[in-house]
Amino acid sequence: MTAHSTIDWQRLESGVVVLTFDDPAQRVNTMNAAWAQSFGAALDRLSALGSELTGVILTSGKSTFFAGGDLHDLIATTPADAGRLTAFTDDVKRMLRRLETLGVPVVAVLGGSALGGGLEIALACHHRIAVDTPALRVGLPEVTLGLLPGGGGLVRTVRMLGLDAALDQVLLPGTAFDAGRAHALGLLDHLVAGADSLIPAALEWIAANPGASRPWDRAGTIPGGGANSPDIAATLPLRAAALRAQYKGAPMPARAKILAAAVESTQVDFDTACAIETRYFVELATGQISKNIIKGTFFDRQAIKSGAGRPHGYPVHRTAFAAVLGAGMMGAGIALSCALAGIRVALEDIDYAAAQRGKDYASRYLAKQVAAGRRTAEDADAVLALITPTASVADLAGADLVVEAVFEDPDLKRRVFGEVLDVVAPDAVLASNTSTLPITDLATGVSRPEDFVGLHFFSPVERMDLIEIIVGEKTSDATLAKAFDIALQLGKAPIVVGDVRGFFTSRVILQRLIEAAAMVGEGIDPQSIEQASVQAGYPVGTLALLDELTLTLPLKIRGQFREVAEQQGIPLPEHPGDAVLTTMAETLGRPSRVAGAGFYDYSGDRRGALWPGLAEHFPVAENHADLRELQDRLLFAEVLETVRCHDNGVLRSVPDANVGSLLGIGFPVWTGGTSQFIEGYPGGRAGFAARAQELAHRYGPRFAPPASLLRESAPPPGEPAIRSGERADA
């Protein structure tokens with residue numbers, strides 16, 4: 001390999017050339033400029049061999065086959081770079097097309113995963129062979145980053161699998177398949193037991209298929225027909241409507257562009273289809289939304305998982321035996337999550353029957369997985385066997401992790417810890433699962449406050465990927481490092497936050513909840529509030545979420561904030577949403593979904609329509625509500641609180657803010673998270689601050705941008721920051 005080459009060349013006696021992707025400057029192979037130069041040079045050498053070339057094998061010197069496009073390059077592009085990105089993308093496609101039409105059989109052998117651009121390279125080969133190992137993944141996940149496959153993957157999967165299968169199984173969901181599923185679908189052609197069998201299997205196939213070519217180069221038709229086929233054409237309006245319904249107006253354009261590109265690609269020849277794919281890819285890649293998503297869901301998530309928030313200098317910790325105190329919904333979910341990670345669990349409650357009900361929760365969950373084919377019955381039994389329900393503290397002996405998950409009562413929490421400290425391991429991590437109670441206060445009842453930490457799980461625990469680690473005044477760095485490792489062991493993303501009431505996620509989501517309540521009090525149609533919520537990209541309407549969480553919870557947290565503020569001599573300003581929540585919960589007796597009545601009516605477990613009585617108690621104003629204005633109020637309420645959390649030390653990093661808001665409180669994915677929302681706003685920080693000032697002028701000082709934001713965002717003299725009402729998706 002030359003000093004500047006990313007591809008190793010080996011010519012075998014049979015005339016087959018083995019090209020090994022192995023970029024010396026990177027941990028994984030990516031589609032960067034160095035690779036493109038090396039690949040072009042390799043293709044020139046292959047062409048120069050003429051009839052001496054009998055076949056080509058593509059393989060990798062890394063643990064993965066190929067990681068795809070370089071996201072660092074993509075996130076740096078702007079609309080001004082569209083021409084350059086188009087040229088680079090077209091060059092890559094031309095090279096893959098040269099490979100595909102060399103006139104000799106070309107085989108990709110995968111000893112590791114091929115995702116995104118890596119699979120696109122493999123799809124340009126005539127045959128794909130992979131090791132049948134659980135760790136190997138194959139797929140086109142670009143949609144999860146707000147993109148579409150730009151290296152010919154969209155065009156080739158449609159022509160290989162048919163429009164329906166390509167869209168429904170590969171392109172729109174962005175699934176990363178294991179080897180078996182990828183083979184069954186047709187993305188892989190052959191599986192072998194081990195890496196040593198890859199090259200021999202490829203050589204055997206090359207010898208047996210000297211005239212290999214692709215169906216589209218033999219005037220083949222698209223399986224199932226193209227967009228002009230009557231059967232396909234009849235379904236296209238339904239597909240478009242389903243996508244609109246899925247996002248409810250939220251600015252998530254990738255799937256719509258995938259659908260458009262795939263449909264259009266079936267109506268033209270292969271090369272024109274590739275040009276169509278490039279056009280849609282460049283539109284997405286140079287837009288702000290894909291950059292937001294890449295930043296928040298990839299780079300920030302990667303930073304957290306790599307230990308950016310973990311104290312240095314401490315050995316990696318693995319817990320072996322966890323004691324979960326309290327077998328209610330949260331405790332049961334925590335116990336299940338521990339067992340799913342292979343950790344032995346003692347699930348303790350006040351009596352054995354209550355503890356057994358907690359284990360039954362795990363049993364029902366595992367039974368559903370078995371029924372869906374996602375887990376074998378034997379594996380489910382093995383997981384369930386790790387959970388021991390108990391009412392005896394003695395059964396917790398030796399536990400190296402204690403997670404308390406009882407009611408949000410400080411005295412109760414201190415009492416249950418007092419009952420187990422003499423039994424569990426002397427260096428056990430002592431964790432409280434709380435969403436609002438200060439960890440420092442709870443640690444006052446524990447003899448080992450340096451081992452005490454907050455682990456705020458989210459419900460349902462087994463499905464939610466976030467853990468909020470709360471550091472008390474006396475929590476040691478060693479304990480924080482252990483807690484961080486435990487979260488990763490459970491397969492969660494840990495964010496580290498400071499010890500104030502509500503921590504980060506509860507403080508931030510509270511602002512959206514009470515802002516929606518304030519809108520009701522202003523006479524805004526509740527249906528408009530819900531429509532604005534989903535159009536902003538929130539998973540559910542904010543009033544529906546209030547019902548789920550109970551209307552008394554924001555009032556309780558606000559009361560706690562008020563007490564702290566009064567103790568500090570800084571009274572907490574009244575929020576117009578407080579009165580609405582008080583009226584609903586206390587005067588009208590409509591506090592929650594659980595109670596059967598809130599902003600919505602309920603029939604059993606089913607949410608019905610918005611309560612008609614709202615109009616009587618909160619008359620709707622005659623003036624029409626601006627949905628964009630409502631969206632901004634909900635979004636800005638949460639983002640401004642995030643800025644305050646950065647300012648007062650609750651947050652330690654931008655990745656913690658973005659990942660925590662995306663995974664913990666359902667902040668819209670298209671924004672990249674609450675901190676990235678500011679960076680991606682038109683005009684950046686200056687534009688965001690200007691819009692916040694507009695909202696503050698109309699609705700009050702709760703929208704006033706903090707001084708830190710104003711200092712960092714002042715535009716150059718004479719330069720406007722942003723036009724009123726602009727948004728990143730405008």
# chains A, B, ... in the order shown; residues from 1 in each chain; ligands from 1
>>> select_by_dssp(residues="segment 459-574 of chain A", states="strand (DSSP E or B)", output="list of chain:residue names")
A:Leu466, A:Ile467, A:Glu468, A:Ile469, A:Ile470, A:Val471, A:Ala493, A:Pro494, A:Ile495, A:Val496, A:Val497, A:Gly498
>>> residues_around(residues="Gly342 of chain A", least_positions_apart="6", cutoff="9 Å", atoms="only C-alpha atoms", output="ChimeraX atom specification")
/A:320,383,386,490
>>> write_last_selection(atoms="N, CA, C and O atoms", output="tab-separated table (two decimals), in the first residue's frame")
chain	number	residue	atom	x	y	z
A	320	ALA	N	-22.62	-6.98	38.75
A	320	ALA	CA	-23.00	-8.39	38.62
A	320	ALA	C	-24.32	-8.71	39.30
A	320	ALA	O	-25.04	-9.62	38.88
A	383	VAL	N	-33.49	-15.12	30.82
A	383	VAL	CA	-33.56	-13.74	31.31
A	383	VAL	C	-34.44	-13.68	32.55
A	383	VAL	O	-34.07	-13.05	33.56
A	386	LEU	N	-33.06	-14.60	35.96
A	386	LEU	CA	-32.15	-13.69	36.63
A	386	LEU	C	-32.85	-12.81	37.66
A	386	LEU	O	-32.19	-12.16	38.47
A	490	LEU	N	-26.29	-1.30	30.73
A	490	LEU	CA	-27.72	-1.51	30.51
A	490	LEU	C	-28.15	-1.15	29.09
A	490	LEU	O	-29.32	-1.30	28.74
>>> closest_residue(among="A:Gly596, A:Ala517, A:Arg448, A:Asp485", to="Thr583 of chain A", atoms="only C-alpha atoms")
A:Ala517
>>> select_by_dssp(residues="segment 210-389 of chain A", states="alpha helix (DSSP H)", output="PyMOL selection string")
chain A and resi 230-247+254-265+270-285+288-293+300-305+329-340+352-371+377-384
>>> residues_around(residues="Leu243 of chain A", least_positions_apart="6", cutoff="10 Å", atoms="only C-alpha atoms", output="ChimeraX atom specification")
/A:172,249,252-253,255-256,259
>>> residues_around(residues="Leu167 of chain A", least_positions_apart="2", cutoff="10 Å", atoms="only C-alpha atoms", output="ChimeraX atom specification")
/A:154,157-158,161-165,169-174,255,258-259,262-263
>>> residues_around(residues="Ser447 of chain A", least_positions_apart="3", cutoff="12 Å", atoms="only C-alpha atoms", output="PyMOL selection string")
chain A and resi 414+417-422+426-427+430+442-444+450-452+474
>>> write_last_selection(atoms="all heavy atoms", output="compact mmCIF listing (two decimals), in the first residue's frame")
# COMPACT_ATOMS: atom_id res chain seq x y z
N ARG A 414 -35.20 7.49 52.19
CA ARG A 414 -34.12 7.34 53.17
C ARG A 414 -34.32 6.08 54.00
O ARG A 414 -33.35 5.38 54.34
CB ARG A 414 -34.08 8.58 54.07
CG ARG A 414 -33.72 9.87 53.36
CD ARG A 414 -33.49 11.00 54.36
NE ARG A 414 -33.34 12.28 53.69
CZ ARG A 414 -34.30 13.19 53.58
NH1 ARG A 414 -35.49 12.95 54.10
NH2 ARG A 414 -34.08 14.32 52.95
N PHE A 417 -33.28 2.81 52.15
CA PHE A 417 -31.83 2.68 52.08
C PHE A 417 -31.26 2.24 53.43
O PHE A 417 -30.35 1.40 53.50
CB PHE A 417 -31.19 4.00 51.64
CG PHE A 417 -31.07 4.16 50.16
CD1 PHE A 417 -31.81 5.11 49.48
CD2 PHE A 417 -30.22 3.34 49.43
CE1 PHE A 417 -31.70 5.26 48.11
CE2 PHE A 417 -30.11 3.47 48.05
CZ PHE A 417 -30.86 4.44 47.39
N GLY A 418 -31.80 2.82 54.50
CA GLY A 418 -31.32 2.45 55.83
C GLY A 418 -31.50 0.98 56.13
O GLY A 418 -30.71 0.39 56.89
N GLU A 419 -32.50 0.36 55.54
CA GLU A 419 -32.78 -1.05 55.80
C GLU A 419 -31.81 -2.00 55.10
O GLU A 419 -31.70 -3.17 55.48
CB GLU A 419 -34.22 -1.38 55.36
CG GLU A 419 -35.29 -0.68 56.18
CD GLU A 419 -36.67 -0.86 55.58
OE1 GLU A 419 -36.76 -1.38 54.44
OE2 GLU A 419 -37.67 -0.45 56.22
N VAL A 420 -31.10 -1.52 54.06
CA VAL A 420 -30.30 -2.44 53.25
C VAL A 420 -28.79 -2.19 53.31
O VAL A 420 -28.02 -3.03 52.87
CB VAL A 420 -30.75 -2.41 51.78
CG1 VAL A 420 -32.24 -2.68 51.65
CG2 VAL A 420 -30.39 -1.07 51.12
N LEU A 421 -28.36 -1.07 53.86
CA LEU A 421 -26.95 -0.71 53.79
C LEU A 421 -26.03 -1.72 54.46
O LEU A 421 -24.89 -1.92 54.01
CB LEU A 421 -26.73 0.67 54.42
CG LEU A 421 -27.14 1.87 53.55
CD1 LEU A 421 -26.84 3.18 54.26
CD2 LEU A 421 -26.43 1.83 52.21
N ASP A 422 -26.49 -2.35 55.53
CA ASP A 422 -25.64 -3.32 56.22
C ASP A 422 -25.58 -4.66 55.51
O ASP A 422 -24.81 -5.54 55.91
CB ASP A 422 -26.13 -3.52 57.67
CG ASP A 422 -25.96 -2.27 58.51
OD1 ASP A 422 -25.10 -1.45 58.16
OD2 ASP A 422 -26.69 -2.12 59.51
N PRO A 426 -20.11 -3.50 50.55
CA PRO A 426 -19.65 -2.25 51.19
C PRO A 426 -19.29 -1.15 50.21
O PRO A 426 -19.25 0.02 50.58
CB PRO A 426 -18.43 -2.70 52.00
CG PRO A 426 -17.99 -3.98 51.39
CD PRO A 426 -19.23 -4.63 50.87
N ASP A 427 -19.02 -1.50 48.96
CA ASP A 427 -18.70 -0.49 47.95
C ASP A 427 -19.79 -0.39 46.88
O ASP A 427 -19.53 0.10 45.77
CB ASP A 427 -17.36 -0.79 47.30
CG ASP A 427 -17.34 -2.14 46.60
OD1 ASP A 427 -18.28 -2.95 46.82
OD2 ASP A 427 -16.40 -2.38 45.82
N LEU A 430 -25.05 3.29 45.36
CA LEU A 430 -26.36 3.52 45.96
C LEU A 430 -27.09 4.56 45.12
O LEU A 430 -26.69 5.73 45.11
CB LEU A 430 -26.20 4.00 47.41
CG LEU A 430 -25.29 3.15 48.30
CD1 LEU A 430 -25.11 3.80 49.67
CD2 LEU A 430 -25.83 1.74 48.44
N LEU A 442 -31.34 13.67 49.77
CA LEU A 442 -31.60 12.25 50.02
C LEU A 442 -30.38 11.57 50.63
O LEU A 442 -30.52 10.64 51.44
CB LEU A 442 -31.99 11.55 48.71
CG LEU A 442 -33.31 11.97 48.07
CD1 LEU A 442 -33.52 11.23 46.75
CD2 LEU A 442 -34.48 11.71 49.01
N ALA A 443 -29.19 12.02 50.26
CA ALA A 443 -27.96 11.39 50.75
C ALA A 443 -27.70 11.67 52.22
O ALA A 443 -26.86 11.00 52.84
CB ALA A 443 -26.77 11.85 49.92
N THR A 444 -28.43 12.65 52.81
CA THR A 444 -28.19 12.95 54.22
C THR A 444 -28.58 11.80 55.13
O THR A 444 -28.11 11.71 56.25
CB THR A 444 -28.97 14.21 54.64
OG1 THR A 444 -30.38 14.00 54.39
CG2 THR A 444 -28.50 15.43 53.86
N GLU A 450 -20.77 9.51 49.62
CA GLU A 450 -19.89 9.52 48.45
C GLU A 450 -20.27 8.43 47.45
O GLU A 450 -19.93 8.52 46.26
CB GLU A 450 -18.43 9.35 48.88
CG GLU A 450 -18.07 7.98 49.45
CD GLU A 450 -18.45 7.82 50.92
OE1 GLU A 450 -19.03 8.78 51.50
OE2 GLU A 450 -18.15 6.76 51.50
N ASP A 451 -20.98 7.39 47.92
CA ASP A 451 -21.43 6.31 47.03
C ASP A 451 -22.84 6.54 46.50
O ASP A 451 -23.37 5.70 45.77
CB ASP A 451 -21.40 4.96 47.77
CG ASP A 451 -19.99 4.53 48.15
OD1 ASP A 451 -19.05 4.93 47.45
OD2 ASP A 451 -19.84 3.81 49.15
N PHE A 452 -23.44 7.67 46.88
CA PHE A 452 -24.84 7.93 46.56
C PHE A 452 -24.94 8.78 45.30
O PHE A 452 -24.24 9.79 45.15
CB PHE A 452 -25.51 8.66 47.73
CG PHE A 452 -27.01 8.58 47.72
CD1 PHE A 452 -27.68 7.51 48.28
CD2 PHE A 452 -27.76 9.59 47.13
CE1 PHE A 452 -29.06 7.45 48.28
CE2 PHE A 452 -29.14 9.53 47.11
CZ PHE A 452 -29.79 8.45 47.68
N LYS A 474 -21.78 15.36 47.49
CA LYS A 474 -20.74 14.47 48.01
C LYS A 474 -20.54 13.23 47.14
O LYS A 474 -19.75 12.35 47.50
CB LYS A 474 -21.08 14.06 49.44
CG LYS A 474 -21.07 15.24 50.41
CD LYS A 474 -21.25 14.79 51.85
CE LYS A 474 -21.18 15.97 52.81
NZ LYS A 474 -21.34 15.54 54.22
>>> atom_distance(atom1="atom CA of Ala544 of chain A", atom2="atom CA of Arg463 of chain A")
20.2 Å
>>> residues_around(residues="Leu325 of chain A", least_positions_apart="6", cutoff="12 Å", atoms="only C-alpha atoms", output="number ranges by chain")
A: 331-335, 345-351, 354-355, 358, 389-393, 395-396, 399, 401-407, 412-420, 430-433
>>> atom_distance(atom1="atom CA of Ala182 of chain A", atom2="atom CA of Val138 of chain A")
6.6 Å
>>> residues_around(residues="segment 700-712 of chain A", least_positions_apart="6", cutoff="8 Å", atoms="only C-alpha atoms", output="PyMOL selection string")
chain A and resi 636-637+640+643-644+647+685-686+689+692-693
>>> write_last_selection(atoms="all heavy atoms", output="compact mmCIF listing (two decimals), in the first residue's frame")
# COMPACT_ATOMS: atom_id res chain seq x y z
N PHE A 636 -39.54 27.18 22.02
CA PHE A 636 -38.69 28.15 22.70
C PHE A 636 -38.77 28.02 24.21
O PHE A 636 -37.78 28.27 24.92
CB PHE A 636 -39.05 29.58 22.26
CG PHE A 636 -38.35 30.03 21.02
CD1 PHE A 636 -38.62 29.45 19.80
CD2 PHE A 636 -37.40 31.04 21.07
CE1 PHE A 636 -37.97 29.86 18.64
CE2 PHE A 636 -36.74 31.46 19.93
CZ PHE A 636 -37.03 30.87 18.70
N ALA A 637 -39.93 27.64 24.73
CA ALA A 637 -40.05 27.46 26.18
C ALA A 637 -39.04 26.44 26.67
O ALA A 637 -38.38 26.63 27.71
CB ALA A 637 -41.47 27.03 26.54
N LEU A 640 -35.14 27.74 25.86
CA LEU A 640 -34.67 28.78 26.77
C LEU A 640 -34.35 28.22 28.15
O LEU A 640 -33.39 28.65 28.79
CB LEU A 640 -35.72 29.89 26.87
CG LEU A 640 -35.83 30.78 25.63
CD1 LEU A 640 -37.10 31.62 25.66
CD2 LEU A 640 -34.60 31.68 25.50
N VAL A 643 -30.95 26.74 27.98
CA VAL A 643 -29.90 27.76 28.12
C VAL A 643 -29.67 28.07 29.59
O VAL A 643 -28.52 28.16 30.06
CB VAL A 643 -30.27 29.04 27.35
CG1 VAL A 643 -29.20 30.12 27.57
CG2 VAL A 643 -30.40 28.75 25.86
N ARG A 644 -30.75 28.20 30.35
CA ARG A 644 -30.60 28.47 31.79
C ARG A 644 -29.90 27.31 32.49
O ARG A 644 -29.11 27.53 33.42
CB ARG A 644 -31.98 28.73 32.40
CG ARG A 644 -32.71 29.94 31.81
CD ARG A 644 -34.06 30.18 32.45
NE ARG A 644 -34.84 31.14 31.67
CZ ARG A 644 -35.90 30.83 30.95
NH1 ARG A 644 -36.34 29.57 30.91
NH2 ARG A 644 -36.54 31.75 30.26
N ASP A 647 -26.35 27.69 31.93
CA ASP A 647 -25.81 28.82 32.68
C ASP A 647 -25.61 28.48 34.16
O ASP A 647 -24.63 28.92 34.77
CB ASP A 647 -26.75 30.03 32.57
CG ASP A 647 -26.74 30.65 31.18
OD1 ASP A 647 -25.84 30.29 30.39
OD2 ASP A 647 -27.62 31.48 30.89
N ARG A 685 -27.34 31.89 16.67
CA ARG A 685 -27.69 32.39 18.01
C ARG A 685 -28.33 33.77 17.96
O ARG A 685 -29.25 34.06 18.72
CB ARG A 685 -26.44 32.41 18.90
CG ARG A 685 -25.99 31.02 19.32
CD ARG A 685 -24.70 31.05 20.11
NE ARG A 685 -24.54 29.76 20.76
CZ ARG A 685 -24.87 29.51 22.02
NH1 ARG A 685 -25.35 30.47 22.78
NH2 ARG A 685 -24.73 28.31 22.54
N ALA A 686 -27.84 34.62 17.07
CA ALA A 686 -28.42 35.95 16.96
C ALA A 686 -29.87 35.87 16.50
O ALA A 686 -30.75 36.59 17.01
CB ALA A 686 -27.60 36.80 16.00
N ALA A 689 -32.00 34.56 19.40
CA ALA A 689 -32.21 35.57 20.44
C ALA A 689 -33.21 36.63 19.99
O ALA A 689 -34.05 37.09 20.78
CB ALA A 689 -30.87 36.22 20.80
N ALA A 692 -36.65 35.15 20.26
CA ALA A 692 -37.04 35.05 21.67
C ALA A 692 -37.48 36.41 22.21
O ALA A 692 -38.45 36.50 22.98
CB ALA A 692 -35.86 34.51 22.49
N GLN A 693 -36.80 37.47 21.79
CA GLN A 693 -37.20 38.80 22.24
C GLN A 693 -38.57 39.18 21.71
O GLN A 693 -39.36 39.84 22.41
CB GLN A 693 -36.14 39.82 21.80
CG GLN A 693 -34.84 39.71 22.59
CD GLN A 693 -33.74 40.60 22.05
OE1 GLN A 693 -33.58 40.74 20.84
NE2 GLN A 693 -32.97 41.21 22.94
>>> closest_residue(among="A:Gln26, A:Thr582, A:Thr376, A:Ser337", to="Met464 of chain A", atoms="only C-alpha atoms")
A:Ser337
>>> closest_residue(among="A:Leu555, A:Leu588, A:Leu236, A:Ile294", to="Glu574 of chain A", atoms="only C-alpha atoms")
A:Leu555
>>> closest_residue(among="A:Thr175, A:Gln568, A:Ser5, A:Thr297", to="Ala657 of chain A", atoms="only C-alpha atoms")
A:Thr297
>>> closest_residue(among="A:Glu515, A:Thr278, A:Asp547, A:Ser229", to="Gly608 of chain A", atoms="only C-alpha atoms")
A:Asp547
>>> decode(residues="segment 104-113 of chain A", atoms="all heavy atoms", output="mmCIF file, in the first residue's frame")
data_model
loop_
_atom_site.group_PDB
_atom_site.id
_atom_site.type_symbol
_atom_site.label_atom_id
_atom_site.label_comp_id
_atom_site.auth_asym_id
_atom_site.auth_seq_id
_atom_site.Cartn_x
_atom_site.Cartn_y
_atom_site.Cartn_z
ATOM 1 N N VAL A 104 -16.061 -8.399 -15.998
ATOM 2 C CA VAL A 104 -15.658 -9.598 -15.249
ATOM 3 C C VAL A 104 -16.497 -9.645 -13.974
ATOM 4 O O VAL A 104 -17.031 -8.619 -13.531
ATOM 5 C CB VAL A 104 -14.157 -9.555 -14.883
ATOM 6 C CG1 VAL A 104 -13.294 -9.569 -16.128
ATOM 7 C CG2 VAL A 104 -13.837 -8.355 -13.998
ATOM 8 N N PRO A 105 -16.655 -10.815 -13.374
ATOM 9 C CA PRO A 105 -17.436 -10.900 -12.144
ATOM 10 C C PRO A 105 -16.760 -10.158 -10.988
ATOM 11 O O PRO A 105 -15.541 -10.263 -10.799
ATOM 12 C CB PRO A 105 -17.524 -12.400 -11.871
ATOM 13 C CG PRO A 105 -16.416 -13.008 -12.653
ATOM 14 C CD PRO A 105 -16.201 -12.142 -13.840
ATOM 15 N N VAL A 106 -17.561 -9.421 -10.238
ATOM 16 C CA VAL A 106 -17.080 -8.648 -9.093
ATOM 17 C C VAL A 106 -17.846 -9.110 -7.859
ATOM 18 O O VAL A 106 -19.086 -9.147 -7.868
ATOM 19 C CB VAL A 106 -17.272 -7.134 -9.304
ATOM 20 C CG1 VAL A 106 -16.712 -6.355 -8.116
ATOM 21 C CG2 VAL A 106 -16.627 -6.685 -10.604
ATOM 22 N N VAL A 107 -17.110 -9.449 -6.803
ATOM 23 C CA VAL A 107 -17.718 -9.986 -5.582
ATOM 24 C C VAL A 107 -17.291 -9.145 -4.387
ATOM 25 O O VAL A 107 -16.099 -8.825 -4.232
ATOM 26 C CB VAL A 107 -17.303 -11.454 -5.350
ATOM 27 C CG1 VAL A 107 -17.954 -11.998 -4.074
ATOM 28 C CG2 VAL A 107 -17.685 -12.311 -6.549
ATOM 29 N N ALA A 108 -18.240 -8.776 -3.536
ATOM 30 C CA ALA A 108 -17.937 -8.133 -2.253
ATOM 31 C C ALA A 108 -17.992 -9.198 -1.170
ATOM 32 O O ALA A 108 -18.969 -9.954 -1.095
ATOM 33 C CB ALA A 108 -18.951 -7.034 -1.961
ATOM 34 N N VAL A 109 -16.942 -9.284 -0.352
ATOM 35 C CA VAL A 109 -16.934 -10.229 0.761
ATOM 36 C C VAL A 109 -16.923 -9.434 2.060
ATOM 37 O O VAL A 109 -16.069 -8.566 2.269
ATOM 38 C CB VAL A 109 -15.741 -11.204 0.678
ATOM 39 C CG1 VAL A 109 -15.867 -12.078 -0.557
ATOM 40 C CG2 VAL A 109 -14.407 -10.495 0.663
ATOM 41 N N LEU A 110 -17.880 -9.707 2.899
ATOM 42 C CA LEU A 110 -18.101 -8.909 4.101
ATOM 43 C C LEU A 110 -17.763 -9.721 5.345
ATOM 44 O O LEU A 110 -18.503 -10.626 5.728
ATOM 45 C CB LEU A 110 -19.552 -8.434 4.183
ATOM 46 C CG LEU A 110 -20.173 -7.837 2.905
ATOM 47 C CD1 LEU A 110 -21.604 -7.391 3.164
ATOM 48 C CD2 LEU A 110 -19.342 -6.686 2.398
ATOM 49 N N GLY A 111 -16.651 -9.370 5.978
ATOM 50 C CA GLY A 111 -16.330 -9.967 7.267
ATOM 51 C C GLY A 111 -16.885 -9.155 8.402
ATOM 52 O O GLY A 111 -16.861 -9.580 9.563
ATOM 53 N N GLY A 112 -17.390 -7.947 8.104
ATOM 54 C CA GLY A 112 -17.985 -7.057 9.091
ATOM 55 C C GLY A 112 -19.122 -6.291 8.459
ATOM 56 O O GLY A 112 -19.486 -6.498 7.302
ATOM 57 N N SER A 113 -19.676 -5.358 9.197
ATOM 58 C CA SER A 113 -20.886 -4.657 8.784
ATOM 59 C C SER A 113 -20.660 -3.785 7.545
ATOM 60 O O SER A 113 -19.566 -3.258 7.320
ATOM 61 C CB SER A 113 -21.397 -3.779 9.929
ATOM 62 O OG SER A 113 -21.810 -4.574 11.021
#
